[in-house]
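The structure file my_file08.csv is reproduced below (CSV, C-alpha atoms).
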```
chain,number,residue,atom,x,y,z
A,11,MET,CA,-16.5,22.0,-8.1
A,12,ASP,CA,-16.3,25.5,-9.6
A,13,GLU,CA,-13.7,28.0,-8.5
A,14,LEU,CA,-16.1,30.0,-6.3
A,15,ALA,CA,-17.1,26.8,-4.4
A,16,LEU,CA,-13.5,25.8,-4.0
A,17,ASN,CA,-12.5,29.2,-2.7
A,18,THR,CA,-15.4,29.0,-0.2
A,19,ALA,CA,-14.4,25.5,1.0
A,20,MET,CA,-10.8,26.7,1.4
A,21,ASP,CA,-12.0,29.7,3.5
A,22,ARG,CA,-13.8,27.2,5.8
A,23,TYR,CA,-10.7,25.0,6.0
A,24,ALA,CA,-8.4,27.9,6.7
A,25,CYS,CA,-10.7,28.9,9.6
A,26,GLY,CA,-10.4,25.4,11.1
A,27,ASP,CA,-13.3,23.5,9.6
A,28,ALA,CA,-11.7,20.1,9.0
A,29,ARG,CA,-14.8,18.9,7.2
A,30,ALA,CA,-14.0,21.2,4.3
A,31,PHE,CA,-10.7,19.4,3.5
A,32,PRO,CA,-12.3,16.5,1.5
A,33,GLU,CA,-13.9,19.1,-0.7
A,34,VAL,CA,-10.6,20.9,-1.3
A,35,HIS,CA,-8.8,17.6,-1.9
A,36,ARG,CA,-11.4,16.4,-4.4
A,37,ALA,CA,-11.3,19.6,-6.3
A,38,LEU,CA,-7.5,19.9,-6.5
A,39,HIS,CA,-6.0,16.4,-6.4
A,40,ALA,CA,-6.4,15.3,-10.0
A,41,ARG,CA,-5.2,18.7,-11.3
A,42,LEU,CA,-2.1,18.8,-9.1
A,43,LEU,CA,-1.2,15.2,-9.8
A,44,ALA,CA,-1.4,15.9,-13.6
A,45,TYR,CA,0.7,19.0,-13.2
A,46,LEU,CA,3.4,17.2,-11.1
A,47,THR,CA,3.4,14.2,-13.5
A,48,ARG,CA,4.1,16.5,-16.4
A,49,MET,CA,6.8,18.3,-14.4
A,50,CYS,CA,8.7,15.2,-13.3
A,51,SER,CA,7.7,12.6,-16.0
A,52,SER,CA,7.1,9.9,-13.3
A,53,THR,CA,3.7,8.9,-12.1
A,54,THR,CA,5.1,7.3,-9.0
A,55,LEU,CA,7.1,10.3,-8.0
A,56,ALA,CA,4.2,12.7,-8.9
A,57,GLY,CA,2.0,10.8,-6.5
A,58,ASP,CA,4.5,11.2,-3.7
A,59,LEU,CA,4.9,14.9,-4.5
A,60,THR,CA,1.1,15.4,-4.6
A,61,GLN,CA,0.8,13.9,-1.1
A,62,GLU,CA,3.6,16.2,0.1
A,63,THR,CA,1.8,19.2,-1.5
A,64,PHE,CA,-1.4,18.4,0.4
A,65,LEU,CA,0.6,18.1,3.6
A,66,ARG,CA,2.0,21.5,3.0
A,67,ILE,CA,-1.4,22.9,2.2
A,68,HIS,CA,-2.6,21.6,5.5
A,69,ARG,CA,0.3,23.1,7.4
A,70,ALA,CA,-0.1,26.4,5.6
A,71,ARG,CA,-3.9,26.6,5.7
A,72,SER,CA,-3.9,29.3,8.4
A,73,THR,CA,-1.8,31.6,6.1
A,74,PHE,CA,-4.3,31.4,3.3
A,75,ALA,CA,-5.8,34.9,2.7
A,76,ARG,CA,-9.5,34.6,3.2
A,77,GLY,CA,-11.4,35.4,0.0
A,78,GLY,CA,-8.3,34.7,-2.1
A,79,ALA,CA,-8.0,32.3,-5.1
A,80,VAL,CA,-7.1,28.8,-4.1
A,81,THR,CA,-5.9,27.5,-7.5
A,82,PRO,CA,-2.8,29.7,-8.0
A,83,TRP,CA,-1.9,29.3,-4.2
A,84,ALA,CA,-2.1,25.5,-4.4
A,85,TYR,CA,-0.1,25.4,-7.7
A,86,ALA,CA,2.6,27.6,-6.1
A,87,ILE,CA,2.9,25.1,-3.2
A,88,ALA,CA,3.1,22.2,-5.7
A,89,ARG,CA,5.8,24.0,-7.6
A,90,ASN,CA,7.8,24.6,-4.5
A,91,VAL,CA,7.5,20.9,-3.6
A,92,TYR,CA,8.8,19.9,-7.0
A,93,LEU,CA,11.6,22.4,-6.8
A,94,ASP,CA,12.6,21.2,-3.4
A,95,HIS,CA,12.7,17.7,-4.7
A,96,THR,CA,14.9,18.6,-7.7
A,97,ARG,CA,17.3,20.4,-5.5
A,98,ALA,CA,17.6,17.5,-3.2
A,99,GLU,CA,18.2,15.2,-6.2
A,100,ARG,CA,20.6,17.5,-8.0
A,101,HIS,CA,23.7,15.6,-6.9
A,102,ARG,CA,22.2,12.1,-7.4
A,103,SER,CA,21.8,10.2,-10.6
A,104,ALA,CA,18.6,11.2,-12.4
A,105,GLU,CA,17.0,7.7,-13.0
A,106,ARG,CA,13.4,6.6,-13.2
A,107,LEU,CA,12.3,5.0,-10.0
A,108,PRO,CA,12.4,1.2,-10.4
A,109,SER,CA,8.8,1.0,-9.2
A,110,ASP,CA,7.6,3.4,-11.9
A,111,PRO,CA,6.3,1.4,-14.8
A,112,GLY,CA,6.3,4.4,-17.1
A,113,ALA,CA,3.7,5.1,-19.7
A,114,GLU,CA,1.3,2.4,-20.6
A,115,PRO,CA,1.9,0.9,-24.1
A,116,PRO,CA,-0.9,1.7,-26.4
A,117,ASP,CA,-3.5,-0.9,-27.1
A,118,THR,CA,-3.4,-1.6,-30.8
A,119,ARG,CA,-6.3,-4.2,-30.8
A,120,GLY,CA,-8.9,-3.1,-33.3
A,121,ALA,CA,-7.0,0.1,-34.1
A,122,ASP,CA,-4.9,1.3,-37.0
A,123,ALA,CA,-1.4,0.2,-35.9
A,124,GLU,CA,0.3,3.0,-38.0
A,125,ALA,CA,-1.9,5.7,-36.4
A,126,ILE,CA,-1.2,4.3,-32.9
A,127,ALA,CA,2.5,4.2,-33.5
A,128,MET,CA,2.4,7.8,-34.8
A,129,ALA,CA,0.5,9.0,-31.7
A,130,SER,CA,2.9,7.2,-29.5
A,131,GLN,CA,5.9,8.8,-31.3
A,132,THR,CA,4.3,12.2,-31.0
A,133,ALA,CA,3.7,11.8,-27.3
A,134,ARG,CA,7.3,10.7,-26.7
A,135,ALA,CA,8.5,13.7,-28.8
A,136,VAL,CA,6.5,16.1,-26.7
A,137,GLU,CA,7.9,14.6,-23.5
A,138,ARG,CA,11.4,14.8,-24.9
A,139,VAL,CA,11.2,18.4,-26.0
A,140,LEU,CA,9.6,19.5,-22.7
A,141,ALA,CA,12.3,17.8,-20.7
A,142,SER,CA,15.0,19.5,-22.8
A,143,LEU,CA,13.5,23.0,-22.4
A,144,PRO,CA,14.8,25.5,-19.8
A,145,ALA,CA,12.8,25.1,-16.6
A,146,ALA,CA,11.2,28.5,-16.9
A,147,GLN,CA,9.8,27.8,-20.4
A,148,ARG,CA,8.6,24.3,-19.5
A,149,GLU,CA,6.8,25.6,-16.4
A,150,ALA,CA,5.1,28.4,-18.3
A,151,PHE,CA,4.0,26.1,-21.1
A,152,ILE,CA,2.6,23.4,-18.7
A,153,LEU,CA,0.7,25.9,-16.6
A,154,LEU,CA,-0.9,27.7,-19.6
A,155,ARG,CA,-1.3,24.8,-22.1
A,156,TYR,CA,-2.0,21.8,-19.9
A,157,GLU,CA,-3.3,23.2,-16.7
A,158,GLY,CA,-5.4,25.9,-18.4
A,159,LEU,CA,-4.4,28.7,-16.0
A,160,SER,CA,-4.7,32.3,-16.9
A,161,VAL,CA,-1.5,34.2,-17.7
A,162,GLN,CA,-2.0,36.3,-14.5
A,163,ASP,CA,-2.3,33.2,-12.3
A,164,ALA,CA,0.7,31.5,-14.0
A,165,ALA,CA,2.7,34.7,-13.5
A,166,ALA,CA,1.7,34.8,-9.8
A,167,ILE,CA,2.8,31.1,-9.4
A,168,LEU,CA,6.1,31.6,-11.2
A,169,GLY,CA,6.9,35.0,-9.7
A,170,ALA,CA,7.2,36.6,-13.1
A,171,THR,CA,5.5,39.3,-15.2
A,172,PRO,CA,2.6,38.2,-17.5
A,173,SER,CA,4.7,39.3,-20.5
A,174,ALA,CA,7.6,37.1,-19.4
A,175,VAL,CA,5.3,34.1,-18.9
A,176,LYS,CA,3.7,34.6,-22.4
A,177,LEU,CA,7.2,34.8,-24.0
A,178,ARG,CA,8.4,31.7,-22.2
A,179,ALA,CA,5.3,29.7,-23.2
A,180,PHE,CA,5.7,30.9,-26.8
A,181,ARG,CA,9.3,29.8,-27.0
A,182,ALA,CA,8.3,26.4,-25.6
A,183,TYR,CA,5.5,26.2,-28.2
A,184,GLU,CA,7.9,27.0,-31.0
A,185,ALA,CA,10.3,24.3,-29.9
A,186,LEU,CA,7.5,21.7,-29.8
A,187,ARG,CA,6.1,22.9,-33.2
A,188,ALA,CA,9.5,22.5,-34.9
A,189,GLU,CA,9.8,19.0,-33.5
A,190,LEU,CA,6.3,17.9,-34.5
A,191,GLU,CA,6.8,19.3,-38.0
A,192,GLU,CA,10.0,17.2,-38.3
A,193,ILE,CA,8.0,14.1,-37.2
A,194,ARG,CA,5.4,14.8,-39.8
A,195,ARG,CA,8.0,15.0,-42.5
A,196,ARG,CA,9.6,11.7,-41.8
A,197,PRO,CA,6.8,9.4,-43.1
A,198,GLU,CA,6.5,11.5,-46.2
A,199,ALA,CA,10.3,11.4,-46.8
A,200,GLY,CA,10.3,7.6,-46.3
A,201,LYS,CA,7.6,7.1,-48.9
A,202,GLY,CA,9.2,9.5,-51.3
A,203,ALA,CA,6.0,11.5,-51.5
A,204,PRO,CA,6.3,14.4,-53.9
A,205,GLY,CA,5.5,17.9,-52.9
A,206,GLY,CA,7.0,17.9,-49.5
A,207,VAL,CA,5.0,18.5,-46.3
A,208,ARG,CA,1.6,20.1,-46.2
A,209,GLY,CA,1.0,22.5,-43.4
A,210,GLY,CA,3.0,25.2,-41.5
A,211,ALA,CA,6.4,26.6,-41.9
A,212,ASP,CA,9.6,25.4,-40.3
A,213,GLY,CA,10.2,26.0,-36.6
A,214,GLU,CA,12.9,28.3,-35.6
```
Translate this structure into structure tokens?
Amino acid sequence: MDELALNTAMDRYACGDARAFPEVHRALHARLLAYLTRMCSSTTLAGDLTQETFLRIHRARSTFARGGAVTPWAYAIARNVYLDHTRAERHRSAERLPSDPGAEPPDTRGADAEAIAMASQTARAVERVLASLPAAQREAFILLRYEGLSVQDAAAILGATPSAVKLRAFRAYEALRAELEEIRRRPEAGKGAPGGVRGGADGE
């Protein structure tokens, strides 16, 4: 469903047409689930937060401005759900839920084991760096890079200026770039390859 059709469906839903909800849900569910999974790094928790997000969307449907854009509005609700959860968990130990199996191990059958291992290492590094970033940088990067939102929509969701969002995302990108450059150096260093690393400059 394109954005125009989604906005139209939300207008109908906001006006009391319950038949429009499945259309809104189909258009947004996968995107919000992916966003919340990246934010909390737990598929099980993200599923729970996504359900809570749609519950809040339902409760707030009458406040949706007719003719408005659904996507930034829905992401803002999802972000608030995530922030409410983190505040509630702030004084508890931050542990992965026992029921969450975590990331699926890569299937190495018929594939180059070294390439698979490198991809897995890279994915873990990205998750590690994102988790270590200040929340403002992580949110800006995820909304722009992974969710594909415009700078203006991300700024509206985060309550920041477009310039601030771009700067936060750039700083997150630089941190990730530096870490990935370091990963690329390690195999070459281990093999004693001459000439150093091909590619970009060191991260700051």
Protein/DNA/RNA residues near (-5.7, 25.9, -7.8), cut 12 Å, only C-alpha atoms, as number ranges by chain: A: 11-17, 20, 34-43, 45, 63-64, 67, 78-89, 153, 157-160, 163-164, 166-167
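Between Thr18 in chain A and the residues A:Thr53, A:Thr171, A:Arg76, A:Leu46, the shortest atom-to-atom distance, using all atoms listed in the file, involves A:Arg76.
Here CA of Ala141 in chain A and CA of Pro172 in chain A stand 22.8 Å from one another.
Minimum atom-to-atom distance to Thr96 in chain A, evaluated using only C-alpha atoms, belongs to A:Ala145 out of A:Val136, A:Ala145, A:Ala44, A:Leu177.
Using only C-alpha atoms for every distance, the candidate list A:Glu33, A:Thr60, A:Arg69, A:Ile193 yields A:Ile193 as the residue closest to Ala133 in chain A.
CA of Arg71 in chain A is positioned 13.8 Å from CA of Pro32 in chain A.
Separating CA of Glu189 in chain A from CA of Leu93 in chain A is a distance of 27.0 Å.
Considering the residues A:Gln147, A:Ser142, A:Ser72, A:Gln61 and counting all atoms listed in the file, Val175 in chain A has its shortest atom-to-atom contact with A:Gln147.
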Residue with smallest distance to Thr132 in chain A - pool A:Ala24, A:Leu186, A:Val161, A:Ala150, counting all atoms listed in the file: A:Leu186
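Each of A:Ala174, A:Val139, A:Cys50, A:Cys25 was compared to His68 in chain A using all atoms listed in the file, and A:Cys25 turns out to be the nearest.
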